[in-house]
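What's in upload.cif: mmCIF, C-alpha atoms
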data_model
#
loop_
_atom_site.label_atom_id
_atom_site.label_comp_id
_atom_site.auth_asym_id
_atom_site.auth_seq_id
_atom_site.Cartn_x
_atom_site.Cartn_y
_atom_site.Cartn_z
CA LEU A 379 -127.06 164.81 158.83
CA TRP A 380 -124.86 164.16 161.87
CA GLU A 381 -124.48 160.46 162.52
CA PRO A 382 -123.58 158.89 165.89
CA GLN A 383 -119.88 158.19 166.25
CA ASN A 384 -120.50 154.50 166.87
CA LEU A 385 -121.65 154.07 163.25
CA PHE A 386 -118.11 154.79 162.03
CA SER A 387 -115.19 152.41 162.21
CA TYR A 388 -111.73 153.92 162.25
CA THR A 389 -108.13 153.45 163.18
CA ALA A 390 -106.24 155.97 165.26
CA GLN A 391 -102.63 156.90 164.60
CA THR A 392 -100.51 159.07 166.87
CA ARG A 393 -102.15 162.35 165.95
CA CYS A 394 -104.82 161.55 163.35
CA VAL A 395 -107.60 159.16 162.37
CA THR A 396 -108.38 157.07 159.28
CA LEU A 397 -112.05 156.33 158.63
CA THR A 398 -112.36 152.68 157.57
CA GLY A 399 -116.10 152.01 157.44
CA TYR A 400 -119.67 153.10 158.10
CA SER A 401 -122.65 150.99 159.18
CA GLY A 402 -125.44 153.56 158.80
CA LYS A 403 -127.86 154.18 155.94
CA ALA A 404 -127.96 157.98 155.68
CA THR A 405 -128.73 159.58 152.34
CA ASP A 406 -127.07 162.91 153.18
CA LEU A 407 -123.95 162.48 155.27
CA VAL A 408 -121.65 164.97 156.98
CA LEU A 409 -118.52 163.10 157.96
CA PRO A 410 -116.93 163.98 161.31
CA THR A 411 -113.88 166.21 161.27
CA TYR A 412 -112.70 164.81 164.63
CA LEU A 413 -112.95 161.38 166.25
CA ASP A 414 -111.53 160.74 169.72
CA GLY A 415 -110.33 164.33 169.69
CA MET A 416 -108.09 163.77 166.67
CA PRO A 417 -108.58 165.02 163.10
CA VAL A 418 -109.86 162.67 160.42
CA THR A 419 -107.16 163.01 157.74
CA THR A 420 -107.74 159.86 155.66
CA ILE A 421 -110.71 157.92 154.30
CA GLY A 422 -109.51 154.35 153.92
CA MET A 423 -109.78 151.94 151.03
CA ASP A 424 -113.37 150.76 150.36
CA ALA A 425 -114.59 152.61 153.48
CA PHE A 426 -117.92 153.68 151.91
CA SER A 427 -117.93 151.53 148.77
CA ASP A 428 -121.18 150.12 147.40
CA LEU A 429 -123.32 152.16 149.77
CA SER A 430 -126.51 152.47 147.75
CA SER A 431 -128.33 154.74 150.22
CA LEU A 432 -125.76 157.52 149.98
CA GLU A 433 -126.66 160.59 147.88
CA SER A 434 -124.49 163.40 149.22
CA VAL A 435 -121.35 163.69 151.35
CA VAL A 436 -119.61 166.57 153.08
CA LEU A 437 -116.06 165.42 153.67
CA PRO A 438 -114.14 166.14 156.90
CA ARG A 439 -112.74 169.67 157.04
CA ARG A 440 -109.17 168.46 157.69
CA LEU A 441 -109.19 165.54 155.27
CA GLU A 442 -105.99 165.03 153.27
CA VAL A 443 -106.27 161.64 151.52
CA ILE A 444 -109.06 159.57 149.95
CA GLU A 445 -107.78 156.05 149.36
CA ASN A 446 -108.58 153.52 146.63
CA SER A 447 -112.27 152.84 145.97
CA ALA A 448 -113.32 154.72 149.10
CA PHE A 449 -116.69 155.62 147.54
CA GLY A 450 -116.64 153.24 144.57
CA TYR A 451 -119.97 151.85 143.36
CA CYS A 452 -122.06 154.32 145.41
CA ALA A 453 -124.57 154.34 142.59
CA ASN A 454 -126.73 157.16 143.96
CA LEU A 455 -123.98 159.48 145.21
CA ASN A 456 -124.52 162.71 143.27
CA HIS A 457 -122.84 165.41 145.35
CA VAL A 458 -119.55 165.65 147.26
CA VAL A 459 -118.09 168.67 149.04
CA PHE A 460 -114.29 168.51 148.93
CA PRO A 461 -112.41 170.43 151.68
CA PRO A 462 -109.50 172.84 150.99
CA SER A 463 -107.18 170.54 152.96
CA LEU A 464 -107.46 167.64 150.49
CA ARG A 465 -104.18 166.62 148.82
CA ARG A 466 -104.69 163.25 147.19
CA ILE A 467 -107.48 161.11 145.70
CA ASP A 468 -106.46 157.54 144.87
CA TYR A 469 -107.51 155.03 142.21
CA TYR A 470 -111.21 154.39 141.59
CA ALA A 471 -112.18 156.50 144.62
CA PHE A 472 -115.49 157.58 143.02
CA TYR A 473 -115.83 154.88 140.36
CA ARG A 474 -119.38 154.37 139.07
CA CYS A 475 -121.01 156.97 141.28
CA ASN A 476 -123.67 159.38 140.06
CA LEU A 477 -121.89 162.72 140.47
CA THR A 478 -123.24 165.61 138.42
CA SER A 479 -120.40 168.03 139.11
CA VAL A 480 -116.90 167.91 140.58
CA SER A 481 -115.04 170.91 141.98
CA LEU A 482 -111.57 170.14 143.30
CA PRO A 483 -109.73 172.71 145.44
CA ASP A 484 -106.27 174.10 144.71
CA SER A 485 -104.84 171.85 147.44
CA VAL A 486 -105.30 168.67 145.37
CA THR A 487 -101.95 167.66 143.86
CA SER A 488 -102.60 164.03 142.92
CA LEU A 489 -105.43 162.15 141.21
CA GLY A 490 -105.08 158.40 140.74
CA TYR A 491 -106.19 156.44 137.69
CA ASN A 492 -109.93 156.13 137.02
CA VAL A 493 -110.92 158.29 140.01
CA PHE A 494 -114.22 159.47 138.50
CA GLU A 495 -114.62 156.86 135.78
CA GLU A 496 -118.16 156.08 134.61
CA ASN A 497 -119.96 158.87 136.41
CA ARG A 498 -122.32 158.99 133.49
CA ASN A 499 -124.28 162.05 134.65
CA LEU A 500 -121.21 164.19 135.31
CA VAL A 501 -121.79 167.49 133.51
CA LYS A 502 -119.19 169.91 134.90
CA VAL A 503 -115.63 169.49 136.19
CA SER A 504 -113.47 172.17 137.77
CA ILE A 505 -109.90 171.36 138.81
CA GLY A 506 -107.84 173.75 140.93
CA SER A 507 -104.29 174.97 140.52
CA GLY A 508 -102.42 172.29 142.48
CA LEU A 509 -102.45 169.44 139.97
CA THR A 510 -99.29 168.72 137.95
CA TYR A 511 -100.50 165.65 136.04
CA LEU A 512 -103.93 164.51 134.86
CA ASP A 513 -104.16 160.92 133.68
CA SER A 514 -106.37 160.23 130.68
CA THR A 515 -108.40 157.65 132.64
CA VAL A 516 -109.59 159.96 135.42
CA PHE A 517 -112.85 160.88 133.68
CA SER A 518 -113.21 157.89 131.33
CA GLY A 519 -116.79 157.05 130.51
CA CYS A 520 -118.18 160.38 131.73
CA SER A 521 -120.13 160.76 128.53
CA ALA A 522 -122.39 163.62 129.70
CA LEU A 523 -119.47 165.97 130.43
CA GLU A 524 -120.19 169.43 129.00
CA THR A 525 -117.85 171.85 130.77
CA LEU A 526 -114.22 171.22 131.67
CA GLU A 527 -112.22 173.77 133.65
CA ILE A 528 -108.59 172.90 134.43
CA SER A 529 -106.43 175.46 136.21
CA ALA A 530 -103.32 173.28 136.14
CA ALA A 531 -102.22 169.85 134.95
CA GLY A 532 -99.00 170.40 133.02
CA SER A 533 -100.28 168.89 129.79
CA ILE A 534 -103.74 167.87 128.58
CA ALA A 535 -104.67 164.69 126.72
CA GLY A 536 -107.28 161.97 126.77
CA PHE A 537 -110.52 163.88 126.25
CA SER A 538 -111.23 162.47 122.82
CA GLY A 539 -114.63 160.93 122.29
CA TYR A 540 -116.65 163.04 124.73
CA PRO A 541 -119.87 163.58 122.76
CA ALA A 542 -121.39 166.31 124.97
CA LEU A 543 -118.25 168.37 125.70
CA ARG A 544 -118.92 172.00 124.74
CA THR A 545 -116.60 174.27 126.69
CA VAL A 546 -112.99 173.85 127.85
CA VAL A 547 -111.19 176.44 129.99
CA LEU A 548 -107.45 175.92 130.46
CA GLY A 549 -105.73 177.97 133.15
CA GLY A 550 -102.19 179.18 133.64
CA GLY A 551 -100.91 175.83 134.87
CA VAL A 552 -101.59 174.09 131.55
CA ARG A 553 -98.52 174.18 129.28
CA ALA A 554 -99.39 171.81 126.45
CA ILE A 555 -102.36 170.34 124.58
CA LEU A 556 -101.21 166.96 123.33
CA SER A 557 -101.99 164.82 120.30
CA GLY A 558 -105.64 163.82 120.02
CA ALA A 559 -106.57 165.66 123.21
CA PHE A 560 -109.99 166.79 121.98
CA GLN A 561 -110.62 164.75 118.86
CA ASN A 562 -114.05 163.28 118.20
CA CYS A 563 -115.82 165.83 120.39
CA PRO A 564 -118.58 166.86 117.98
CA ALA A 565 -120.26 169.34 120.36
CA LEU A 566 -117.06 171.22 121.24
CA GLU A 567 -117.55 174.93 120.62
CA ASP A 568 -115.16 176.95 122.79
CA VAL A 569 -111.64 176.38 124.12
CA TYR A 570 -110.14 179.10 126.30
CA CYS A 571 -106.32 179.06 126.54
CA SER A 572 -104.08 181.10 128.80
CA SER A 573 -100.91 182.65 127.42
CA ASN A 574 -98.94 180.00 129.32
CA VAL A 575 -99.85 177.33 126.77
CA GLU A 576 -96.54 176.64 125.01
CA SER A 577 -97.55 173.98 122.50
CA ILE A 578 -100.63 172.56 120.80
CA ALA A 579 -100.30 169.37 118.77
CA ASP A 580 -101.37 169.61 115.15
CA ASP A 581 -104.00 166.91 115.72
CA ALA A 582 -105.22 168.10 119.12
CA PHE A 583 -108.62 168.85 117.51
CA ASP A 584 -110.47 167.28 114.61
CA ALA A 585 -109.72 168.69 111.18
CA GLY A 586 -112.63 170.87 110.20
CA SER A 587 -113.81 171.21 113.78
CA ARG A 588 -116.25 174.05 114.47
CA VAL A 589 -114.39 174.94 117.65
CA THR A 590 -113.47 178.54 118.47
CA ILE A 591 -110.16 179.03 120.26
CA HIS A 592 -109.98 181.95 122.67
CA GLY A 593 -106.61 183.39 123.69
CA ALA A 594 -104.31 186.37 123.74
CA ASP A 595 -103.23 188.06 120.54
CA GLY A 596 -99.81 186.76 119.54
CA SER A 597 -100.08 183.66 121.71
CA ILE A 598 -99.39 180.04 120.75
CA ALA A 599 -103.16 179.54 120.67
CA ALA A 600 -103.53 182.37 118.15
CA ARG A 601 -100.74 180.95 115.99
CA TYR A 602 -102.30 177.48 116.07
CA ALA A 603 -105.70 178.83 115.06
CA ASN A 604 -104.18 180.75 112.16
CA GLN A 605 -102.16 177.79 110.91
CA HIS A 606 -105.10 175.37 111.10
CA SER A 607 -107.87 177.68 109.88
CA VAL A 608 -109.63 177.56 113.22
CA ARG A 609 -111.79 180.46 114.36
CA PHE A 610 -109.98 182.62 116.94
CA LEU A 611 -111.27 185.26 119.34
CA GLU A 612 -109.04 187.38 121.54
CA TYR A 613 -109.44 186.57 125.23
CA PRO A 614 -109.68 187.99 127.80
#

Hey, can you dump this file as structure tokens for me?
Amino acid sequence: LWEPQNLFSYTAQTRCVTLTGYSGKATDLVLPTYLDGMPVTTIGMDAFSDLSSLESVVLPRRLEVIENSAFGYCANLNHVVFPPSLRRIDYYAFYRCNLTSVSLPDSVTSLGYNVFEENRNLVKVSIGSGLTYLDSTVFSGCSALETLEISAAGSIAGFSGYPALRTVVLGGGVRAILSGAFQNCPALEDVYCSSNVESIADDAFDAGSRVTIHGADGSIAARYANQHSVRFLEYP
């Protein structure tokens, strides 16, 4: 798992290091937390892109930023451990990988466009409480997605046309479910809403959907279900 330091290319700043490349062929890789005695805080653009041998990665424990396309086109990469220090993941960082699940810590506050696009075996996503905005392209083409858990994102949209999506759990940091958010999701069965949801667009779900909305009695979710003849169960 531990690779020799000379297989990594990097640039050193005053007090931190950016990983810029890797010349090894490991399948399971634990990236160094320190190089030259300084913390690795950034993985640079294209640093591990198109690395077909790579199947799993444990990211540095003090990592803060993953730049554009850092792991793009790693076609066999199916597992990534994200550290609690991570703040930002940039555009296309994990484009066309083979991830089966994604669990982002509360420290993540920014996700760029298309970060996890076309991870076609991605089944479960869990997003922590730090996010304030979730672009509709982040999980585009993740057609196997079944379970979506979002603690925070401000508002939710862009999950229409996910054929396998069954369960959605929206935490206290989600305030609105926007127009078309979950249309054309034929397998969708359960949506759990916190009492902090302040608005749900009339067309957030398909008319006649078999979805059950779970929420607090008297909540916006309960009112929406009543007005649109959607099954409602009190939760928690």

Q: Would you kindly translate the PyMOL selection byres ((chain A and resi 426-433) around 9) into the concrete residues it picks from this file, as a count of residues only?
A: 30

Picked residues, the PyMOL selection byres ((chain A and resi 492) around 10), as a PDB file with C-alpha atoms, in the coordinates of the input:
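Generated file (result18.pdb):
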ATOM      1  CA  SER A 447    -112.270 152.840 145.970  1.00  0.00           C
ATOM      2  CA  ASP A 468    -106.460 157.540 144.870  1.00  0.00           C
ATOM      3  CA  TYR A 469    -107.510 155.030 142.210  1.00  0.00           C
ATOM      4  CA  TYR A 470    -111.210 154.390 141.590  1.00  0.00           C
ATOM      5  CA  ALA A 471    -112.180 156.500 144.620  1.00  0.00           C
ATOM      6  CA  PHE A 472    -115.490 157.580 143.020  1.00  0.00           C
ATOM      7  CA  TYR A 473    -115.830 154.880 140.360  1.00  0.00           C
ATOM      8  CA  ARG A 474    -119.380 154.370 139.070  1.00  0.00           C
ATOM      9  CA  LEU A 489    -105.430 162.150 141.210  1.00  0.00           C
ATOM     10  CA  GLY A 490    -105.080 158.400 140.740  1.00  0.00           C
ATOM     11  CA  TYR A 491    -106.190 156.440 137.690  1.00  0.00           C
ATOM     12  CA  VAL A 493    -110.920 158.290 140.010  1.00  0.00           C
ATOM     13  CA  PHE A 494    -114.220 159.470 138.500  1.00  0.00           C
ATOM     14  CA  GLU A 495    -114.620 156.860 135.780  1.00  0.00           C
ATOM     15  CA  GLU A 496    -118.160 156.080 134.610  1.00  0.00           C
ATOM     16  CA  ASP A 513    -104.160 160.920 133.680  1.00  0.00           C
ATOM     17  CA  SER A 514    -106.370 160.230 130.680  1.00  0.00           C
ATOM     18  CA  THR A 515    -108.400 157.650 132.640  1.00  0.00           C
ATOM     19  CA  VAL A 516    -109.590 159.960 135.420  1.00  0.00           C
ATOM     20  CA  PHE A 517    -112.850 160.880 133.680  1.00  0.00           C
ATOM     21  CA  SER A 518    -113.210 157.890 131.330  1.00  0.00           C
ATOM     22  CA  GLY A 519    -116.790 157.050 130.510  1.00  0.00           C
TER      23      GLY A 519
END

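Closest to Thr525 (chain A) among A:Val575, A:Leu548, A:Val608, A:Val459 is A:Leu548, based on all atoms listed in the file.
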
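Residues matched by the PyMOL selection byres ((chain A and resi 552-555) around 8) in this file: Ile528, Ser529, Ala530, Ala531, Gly532, Ser533, Ile534, Ala535, Leu548, Gly549, Gly550, Gly551, Leu556, Ser557, Ala559, Ser572, Asn574, Val575, Glu576, Ser577, Ile578, Ala579 and Ala582 of chain A.
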
Q | Nearest residue to Pro483 (chain A) from the set A:Arg601, A:Asn497, A:Glu442, A:Leu512 (distances using all atoms listed in the file) | A |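 Residue with the minimum atom-to-atom distance to Pro483 (chain A): A:Glu442.
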
Q: Would you kindly return, as JSON, numbers by chain, each protein, DNA or RNA residue with an atom no farther than 7 Å from any atom of Leu441 (chain A), considering only C-alpha atoms and excluding same-chain residues fewer than 6 positions away?
A: {"A": [418, 419, 420, 461, 463, 464]}

Q: Could you tell me how far CA of Val569 (chain A) lies from CA of Val547 (chain A), in Å and to one decimal?
A: 5.9 Å

Q. So which residues are close to (-98.7, 171.3, 148.8), meaning at most 9 Å away in the file's coordinates with all atoms listed in the file counted, and can you show them as an NGL selection string?
A. :A and (465 or 485-487 or 508)

Selection to disk with C-alpha atoms, as a tab-separated table (two decimals), in the coordinates of the input:
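So the final result, stored in part21.tsv, reads:
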chain	number	residue	atom	x	y	z
A	465	ARG	CA	-104.18	166.62	148.82
A	485	SER	CA	-104.84	171.85	147.44
A	486	VAL	CA	-105.30	168.67	145.37
A	487	THR	CA	-101.95	167.66	143.86
A	508	GLY	CA	-102.42	172.29	142.48

Q: Kindly give the distance, in Å, that separates CA of Asp584 (chain A) and CA of Glu612 (chain A), rounded to a single decimal.
A: 21.3 Å

Expected axis-aligned box over every listed atom of region 481-487 of chain A, 5 Å added per side, centre plus edges in Å to one decimal, as lines of an AutoDock Vina configuration file:
center_x = -108.5
center_y = 170.9
center_z = 144.7
size_x = 23.1
size_y = 16.4
size_z = 15.5

Q: Go ahead and compute the interatomic distance for CA of Thr478 (chain A) and CA of Cys571 (chain A), in Å to one decimal.
A: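 For CA of Thr478 (chain A) relative to CA of Cys571 (chain A), the distance reads 24.7 Å.
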
Q: Do a neighbour search on region 409-416 of chain A at 7 Å with all atoms listed in the file, toss out local chain neighbours closer than 4 positions, and write the hits as a list in words.
A: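 Listing them by chain and then by number gives Arg393, Cys394, Val395, Val436, Leu437, Pro438, Arg439 and Arg440 of chain A.
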
Q | Top pick for closest residue to Pro462 (chain A), considering A:Lys502, A:Leu482, A:Ser521, A:Asn562 and counting all atoms listed in the file | A | A:Leu482
